[in-house]
Amino acid sequence: MSPTDDAPAPGRPNGATDDTPPFRYDGRMADAIETAWQDRWERNGTFHAPNPTGDLGDGFERVAIRSHSYVLDMFPYPSGAGLHVGHPLGYIGTDVYARYLRMRDKNVLHTMGFDAFGLPAEQYAVQTGQHPATTTYANIAVYRAQLRRLGMGHDTRRSVATTDPEFYRWTQWIFLQIFNSWYDPFVDKARPIEDLAAELDAGTRSPAEGTNPFGRPWAELTDLERRGVVDNHRLAYRSESLVNWAPGLGTVLANEEVTADGRSERGNFPVFRRPLAQWNMRITAYGDRLLRDLDQIDWPDKVRTMQRNWIGRSTGAHIAFPSDSAPIEVFTTRPDTVFGATYVVLAPEHPMVDALAATDWPEGTPEAWTGGNESPATAIAAYRASTVGRSELERQAEGKSKTGVFTGAYARNPVTGTALPVFVADYVLMGYGTGAIMAVPGQDERDWEFAEVFDLPIVRTVQPAEGFEQAGGKAFTGNGPAINSSIDGLDLNGLDVDEAKARTVAWLEENGAGRGAVTYRLRDWLFSRQRYWGEPFPIVFDEHGLPVALPESMLPVELPETDDFSPKSFPPEDAESTPEPPLGRLMDWVSVELDLGDGPKTYRRETNTMPNWAGSCWYELRYLDPNNTERFVDPEIERYWMGPSADRPLGGVELYVGGVEHAVLHLLYARFWHKVLYDLGYLSSSEPFHRLVNQGMLQLPAYANKDGFYVEAAEVEERDGHFYYQGEQVTQEFGKIGKSLKNVVTPDGFIAEFGADTFRLFEMFSGPLEQSRPWDAKAIVGPYRLLQRIWRVVLDEHSGETHVSDDPVPDELNRVLHRTIDAVREGYESLRFNTSIARITELNNAVTQAYPAGRAPRAVAEPLVKMLAPLAPHIAEELWARLGHDESLAWDEFPAADPALLVDDTVQVPVQVNGKVRAVMDVPADSDAASLEAAARGDARIAALIDGREVRRVVAVPGRLVNFVVAG
RNA sequence: GCCGAAGUGGCGGAACUGGCAGACGCGCCGGACUCAAAAUCCGGUCGCCGAGAGGCGGUGAGGGUUCGAGUCCCUCCUUCGGCACCA
């Protein structure tokens, strides 16, 4: 049952009756305290973090000598449902940490913005007829109120939404920087595109491979052709290529947004591969740096592994296989197996397929190779029809059996000279490597399968391990000595795989037949979407249909007003449909008269919009300097908050907390943009996020009836350990919070009943930040009781009087206090707030035990309140004020442990006999091994146990234990 | 199939670089207060044997290293996450 349903009635909070003490800390008291402090924090700008310069520079002198920290959350998409209890887990975590750091004498930047462009707002708008901007900003207002009510110490002056024109103006500006750049492989960084044109003109550089389709050198190209060549170098470029088209969604998608079974991550529609002209970002140019720099940032191994796999760097070789038309260039990671290549395969979309195809089947071509077709051309056409343009789902439905067709053509193995049949097969992908392979069935499982289907020869070139074939092994992919691999001038036989690879590559390079090569799994980032609710491109097309950047002075290109914002979607299976961007319907807007330097002309605007990842690629930079109208961020401010330091060699946000679901989407894109901006000299940091922590997911109870359908969790009742929905028994499980499990719970009810402080404490107490765990709402009373008890240490709940004393703290309690301080700090620093809370609880238990009637010494009550402050800031502020302090403790000094009090004069040391604890003795803390042993032998129990037995060994570790190893 | 993470009481979880397993909390049991209940407070709570002192067992399973293993190594099981014709 949701607590929203039984929020306390005004004047009678949970459990309160007439004889409840008037100053008891309960939900109503918490509400009064919390709203009052939230108002005061806002009034005083308590959480304003001064910048070293600029409009947010007020008060910087005060913090100039402090060190500084930037603590960041992944900003939310403001959905109509508001926050549920899972969202704030990370937000509370960063807030606790930020508040702790502030009390540790740091200038802390902590704020929250909104990632507000995107499909749900647009779909909701289509349903309701309201403009997406209206619903988006209404939702943002709800989120801001919820965050405020949770007591977040955010610098609200810095809050931005990606949909603000003042924000997306700079998203567009960054797009233009990327558009106006190219990647210079010689210096391994992005450079302004003008440099490229200049170098091409000067003849000091030639166009990169594949960028000059005109077949003539640069000097002989027309101006228009030169523009085309330059455009082909840009980091943001248009190209006609195979893209993921989701007709049901009405838009194209990035590879990262398509699931493994070929459907859209959003909406779960089938996705088809279609050639379309779209914008791309050349993220592949950064593949190596994105990979390399992972080693220098403090991220979970899991996420780094996922990024490494996504980038998928493979080293191997390009090898040219001569044919009757041009040579076929293949990529292989196993150049050492070239002697075992028995056929060649091209992807169905490979551009050489048509030129290569023979006019007729060669004499004696087996039936299986022709697919029963008259000629290679018809066979290829039929095969393409059966593969290209079909969804991944359909392809996978056929299972793993290999399909393909012979082209009628042969290529020559450049090493052995053998003629190899050339096939077309869809198990070779156009998007990876060169789109062509040499097939080595002896050492590759997929090639083996294909060879079996088409009855192709199989040659082993690596000796399989002993018993491999007897055990049913087919292709052998392991290490072993090379066999059957020798010609004049190249003898691999007996070499292991690594040696054989190196030898082969050297031979290929000497003989001009190939060279060492690196390939990435990563593809360029498809960057345009056919949606209304996104950033317009700052691009127009001229009379040649070529893109022209709008000048900075024309930014932002605002989204045009319209009530016709629904995307044009199609039947989900209609693969032949073509995307139609909603902006394309606004003819008045699309066609625009501009003077871009060569007189007024009519241009056509780009009608696609950017993907919703665009804003999140750089928002953390805008928080730094949100009102700057001259730059996206002032370099001095960026260097102050994010510049490299000894701890953060590449710079970046000190702590970034968010869900692991962004491991290869947002986090890869943001790193890429950041590196481009770094290359172009706008940033001092080359990574955006130094330390990443993935907060766990809260799992809520969900209830299913006997037919397996989920029922509304809020309406389920519990009786005698069983669960009932409308009288019918249902079963309980724990799962991800969401509409589909009908188990969404919002924080509001808990805050109303217990207060935000209790809620914060509860979320932090149930486990470490990174860990997923079930949300057991009943347990919230634990943290609630803790706050009530701390409250009573400071004041009398009957009179409301503060009742601490000025007595000295007794020695023993003082030691507990200082040990607690030490442990609580440790917990805060390592983000294990659950242990900090446990230690605070222990200290409080010790205090209430020592002073059951109140009058605890101020010298223990005050540090107790301070230690609580990051977790439960409102009650801490209130108690701090009642203890007689005028200033907020948000900037006060966190208690420090006296090292002298952390070590005891005497310690308890367990004594073991054969590893079992038999006694515990009190000994001086500095006892050495000999005196420990002596003391242990002096213990009556131990003496009795070892009496008459042979002591073979004594292990005495000072401060730890004594262990007697005895015979028998 | 490949890669990665994790398995500790009825539950969430503690346990520093190998050194008293179960801190802290929930729940449960008992008690105080109350006409009663709720709220609050106090005590107990890993299992088995024992009146007790105490003993024995115990961190997914099995093996190993060690004086000593929740922690390190090997094999297996289970759960969760990621990738999936990437040559």
# chains A, B, ... in the order shown; residues from 1 in each chain; ligands from 1

call {"tool": "select_by_dssp", "arguments": {"residues": "region 655-698 of chain A", "states": "strand (DSSP E)", "output": "MDAnalysis selection string"}}
result
chainID A and resid 655:658 692:694 698

call {"tool": "write_last_selection", "arguments": {"atoms": "all heavy atoms", "output": "PDB file, in the first residue's frame"}}
result
ATOM      1  N   LEU A 655      33.221  13.902  -9.245  1.00  0.00           N
ATOM      2  CA  LEU A 655      32.365  12.721  -9.029  1.00  0.00           C
ATOM      3  C   LEU A 655      31.116  12.846  -9.885  1.00  0.00           C
ATOM      4  O   LEU A 655      30.432  13.871  -9.853  1.00  0.00           O
ATOM      5  CB  LEU A 655      31.959  12.612  -7.553  1.00  0.00           C
ATOM      6  CG  LEU A 655      30.958  11.481  -7.257  1.00  0.00           C
ATOM      7  CD1 LEU A 655      31.591  10.115  -7.491  1.00  0.00           C
ATOM      8  CD2 LEU A 655      30.424  11.583  -5.835  1.00  0.00           C
ATOM      9  N   TYR A 656      30.827  11.813 -10.631  1.00  0.00           N
ATOM     10  CA  TYR A 656      29.643  11.780 -11.491  1.00  0.00           C
ATOM     11  C   TYR A 656      28.859  10.528 -11.131  1.00  0.00           C
ATOM     12  O   TYR A 656      29.406   9.423 -11.160  1.00  0.00           O
ATOM     13  CB  TYR A 656      30.094  11.724 -12.955  1.00  0.00           C
ATOM     14  CG  TYR A 656      29.012  11.983 -13.979  1.00  0.00           C
ATOM     15  CD1 TYR A 656      27.961  12.848 -13.727  1.00  0.00           C
ATOM     16  CD2 TYR A 656      29.070  11.375 -15.234  1.00  0.00           C
ATOM     17  CE1 TYR A 656      26.994  13.108 -14.695  1.00  0.00           C
ATOM     18  CE2 TYR A 656      28.118  11.632 -16.214  1.00  0.00           C
ATOM     19  CZ  TYR A 656      27.077  12.495 -15.934  1.00  0.00           C
ATOM     20  OH  TYR A 656      26.125  12.756 -16.891  1.00  0.00           O
ATOM     21  N   VAL A 657      27.593  10.714 -10.777  1.00  0.00           N
ATOM     22  CA  VAL A 657      26.781   9.576 -10.337  1.00  0.00           C
ATOM     23  C   VAL A 657      25.573   9.421 -11.252  1.00  0.00           C
ATOM     24  O   VAL A 657      24.880  10.400 -11.550  1.00  0.00           O
ATOM     25  CB  VAL A 657      26.313   9.769  -8.877  1.00  0.00           C
ATOM     26  CG1 VAL A 657      25.341   8.663  -8.467  1.00  0.00           C
ATOM     27  CG2 VAL A 657      27.508   9.780  -7.936  1.00  0.00           C
ATOM     28  N   GLY A 658      25.350   8.211 -11.689  1.00  0.00           N
ATOM     29  CA  GLY A 658      24.186   7.963 -12.541  1.00  0.00           C
ATOM     30  C   GLY A 658      24.046   6.487 -12.844  1.00  0.00           C
ATOM     31  O   GLY A 658      24.856   5.669 -12.415  1.00  0.00           O
ATOM     32  N   LEU A 692      33.429   8.030 -11.918  1.00  0.00           N
ATOM     33  CA  LEU A 692      32.049   7.651 -12.191  1.00  0.00           C
ATOM     34  C   LEU A 692      31.602   6.605 -11.185  1.00  0.00           C
ATOM     35  O   LEU A 692      32.322   5.653 -10.901  1.00  0.00           O
ATOM     36  CB  LEU A 692      31.930   7.073 -13.610  1.00  0.00           C
ATOM     37  CG  LEU A 692      30.552   6.538 -14.003  1.00  0.00           C
ATOM     38  CD1 LEU A 692      29.584   7.682 -14.238  1.00  0.00           C
ATOM     39  CD2 LEU A 692      30.654   5.666 -15.245  1.00  0.00           C
ATOM     40  N   VAL A 693      30.419   6.806 -10.659  1.00  0.00           N
ATOM     41  CA  VAL A 693      29.818   5.801  -9.786  1.00  0.00           C
ATOM     42  C   VAL A 693      28.415   5.513 -10.310  1.00  0.00           C
ATOM     43  O   VAL A 693      27.656   6.432 -10.587  1.00  0.00           O
ATOM     44  CB  VAL A 693      29.756   6.298  -8.321  1.00  0.00           C
ATOM     45  CG1 VAL A 693      28.883   5.386  -7.477  1.00  0.00           C
ATOM     46  CG2 VAL A 693      31.161   6.394  -7.730  1.00  0.00           C
ATOM     47  N   ASN A 694      28.117   4.245 -10.460  1.00  0.00           N
ATOM     48  CA  ASN A 694      26.775   3.859 -10.897  1.00  0.00           C
ATOM     49  C   ASN A 694      25.942   3.541  -9.673  1.00  0.00           C
ATOM     50  O   ASN A 694      26.250   2.588  -8.962  1.00  0.00           O
ATOM     51  CB  ASN A 694      26.828   2.618 -11.784  1.00  0.00           C
ATOM     52  CG  ASN A 694      27.548   2.883 -13.079  1.00  0.00           C
ATOM     53  OD1 ASN A 694      28.516   2.215 -13.412  1.00  0.00           O
ATOM     54  ND2 ASN A 694      27.098   3.877 -13.808  1.00  0.00           N
ATOM     55  N   LEU A 698      16.677   0.642  -7.145  1.00  0.00           N
ATOM     56  CA  LEU A 698      15.784   0.172  -6.096  1.00  0.00           C
ATOM     57  C   LEU A 698      14.755  -0.734  -6.735  1.00  0.00           C
ATOM     58  O   LEU A 698      14.185  -0.409  -7.768  1.00  0.00           O
ATOM     59  CB  LEU A 698      15.078   1.348  -5.428  1.00  0.00           C
ATOM     60  CG  LEU A 698      15.957   2.251  -4.582  1.00  0.00           C
ATOM     61  CD1 LEU A 698      15.120   3.317  -3.905  1.00  0.00           C
ATOM     62  CD2 LEU A 698      16.710   1.445  -3.535  1.00  0.00           C
TER      63      LEU A 698
END

call {"tool": "interface_residues", "arguments": {"of": "chain B", "to": "chain A", "cutoff": "8 Å", "atoms": "only C-alpha atoms (C1' of nucleotides)", "output": "PDB file with C-alpha atoms (C1' of nucleotides), in the first residue's frame"}}
result
ATOM      1  C1'   G B   4      31.719  -9.017 -16.409  1.00  0.00           C
ATOM      2  C1'   A B   5      29.693  -8.697 -11.320  1.00  0.00           C
ATOM      3  C1'   G B  12      18.446  -4.868   4.072  1.00  0.00           C
ATOM      4  C1'   G B  13      23.270  -5.151   5.060  1.00  0.00           C
ATOM      5  C1'   A B  14      28.564  -4.827   8.421  1.00  0.00           C
ATOM      6  C1'   G B  19      43.119 -12.211  12.385  1.00  0.00           C
ATOM      7  C1'   C B  20      36.775 -12.452  17.739  1.00  0.00           C
ATOM      8  C1'   A B  23      28.088  -4.048  13.427  1.00  0.00           C
ATOM      9  C1'   C B  24      23.619  -0.932  12.496  1.00  0.00           C
ATOM     10  C1'   G B  25      18.580  -1.251  11.206  1.00  0.00           C
ATOM     11  C1'   C B  26      13.859  -3.876   9.933  1.00  0.00           C
ATOM     12  C1'   A B  38      -0.942   2.813  18.952  1.00  0.00           C
ATOM     13  C1'   A B  39       3.346   5.684  19.650  1.00  0.00           C
ATOM     14  C1'   C B  67      48.979 -21.191  12.483  1.00  0.00           C
ATOM     15  C1'   G B  68      44.367 -18.893  10.824  1.00  0.00           C
ATOM     16  C1'   G B  82      26.425  -6.556 -20.974  1.00  0.00           C
ATOM     17  C1'   C B  83      27.650  -8.353 -25.959  1.00  0.00           C
ATOM     18  C1'   A B  84      26.109 -11.522 -29.640  1.00  0.00           C
ATOM     19  C1'   C B  85      27.785 -13.792 -37.224  1.00  0.00           C
ATOM     20  C1'   C B  86      32.569  -7.619 -35.668  1.00  0.00           C
ATOM     21  C1'   A B  87      36.475 -11.848 -39.519  1.00  0.00           C
TER      22        A B  87
END

call {"tool": "closest_residue", "arguments": {"among": "A:Pro567, A:Ala285, A:Ala357, A:Leu795", "to": "Pro579 (chain A)", "atoms": "only C-alpha atoms"}}
result
A:Pro567

call {"tool": "select_by_dssp", "arguments": {"residues": "region 99-249 of chain A", "states": "helix (DSSP H, G or I)", "output": "NGL selection string"}}
result
:A and (99-103 or 119-128 or 132-149 or 156-158 or 165-179 or 193-202 or 218-220 or 223-231)

call {"tool": "atom_distance", "arguments": {"atom1": "CA of Glu122 (chain A)", "atom2": "CA of Leu555 (chain A)"}}
result
23.4 Å

call {"tool": "atom_distance", "arguments": {"atom1": "CA of Gly442 (chain A)", "atom2": "CA of Ile380 (chain A)"}}
result
26.5 Å

call {"tool": "residues_around", "arguments": {"residues": "Asp707 (chain A)", "least_positions_apart": "3", "cutoff": "12 Å", "atoms": "only C-alpha atoms (C1' of nucleotides)", "output": "number ranges by chain"}}
result
A: 703-704, 710-711, 728-731

call {"tool": "atom_distance", "arguments": {"atom1": "CA of Ala382 (chain A)", "atom2": "CA of Val353 (chain A)"}}
result
13.4 Å

call {"tool": "residues_around", "arguments": {"residues": "Ala670 (chain A)", "least_positions_apart": "6", "cutoff": "8 Å", "atoms": "only C-alpha atoms (C1' of nucleotides)", "output": "PyMOL selection string"}}
result
chain A and resi 616-618+688

call {"tool": "residues_around", "arguments": {"residues": "Thr162 (chain A)", "least_positions_apart": "4", "cutoff": "8 Å", "atoms": "only C-alpha atoms (C1' of nucleotides)", "output": "list in words"}}
result
Phe114, Asp115, Ala116, Phe117, Phe167, Tyr168, Gly615, Ser616 and Tyr619 of chain A
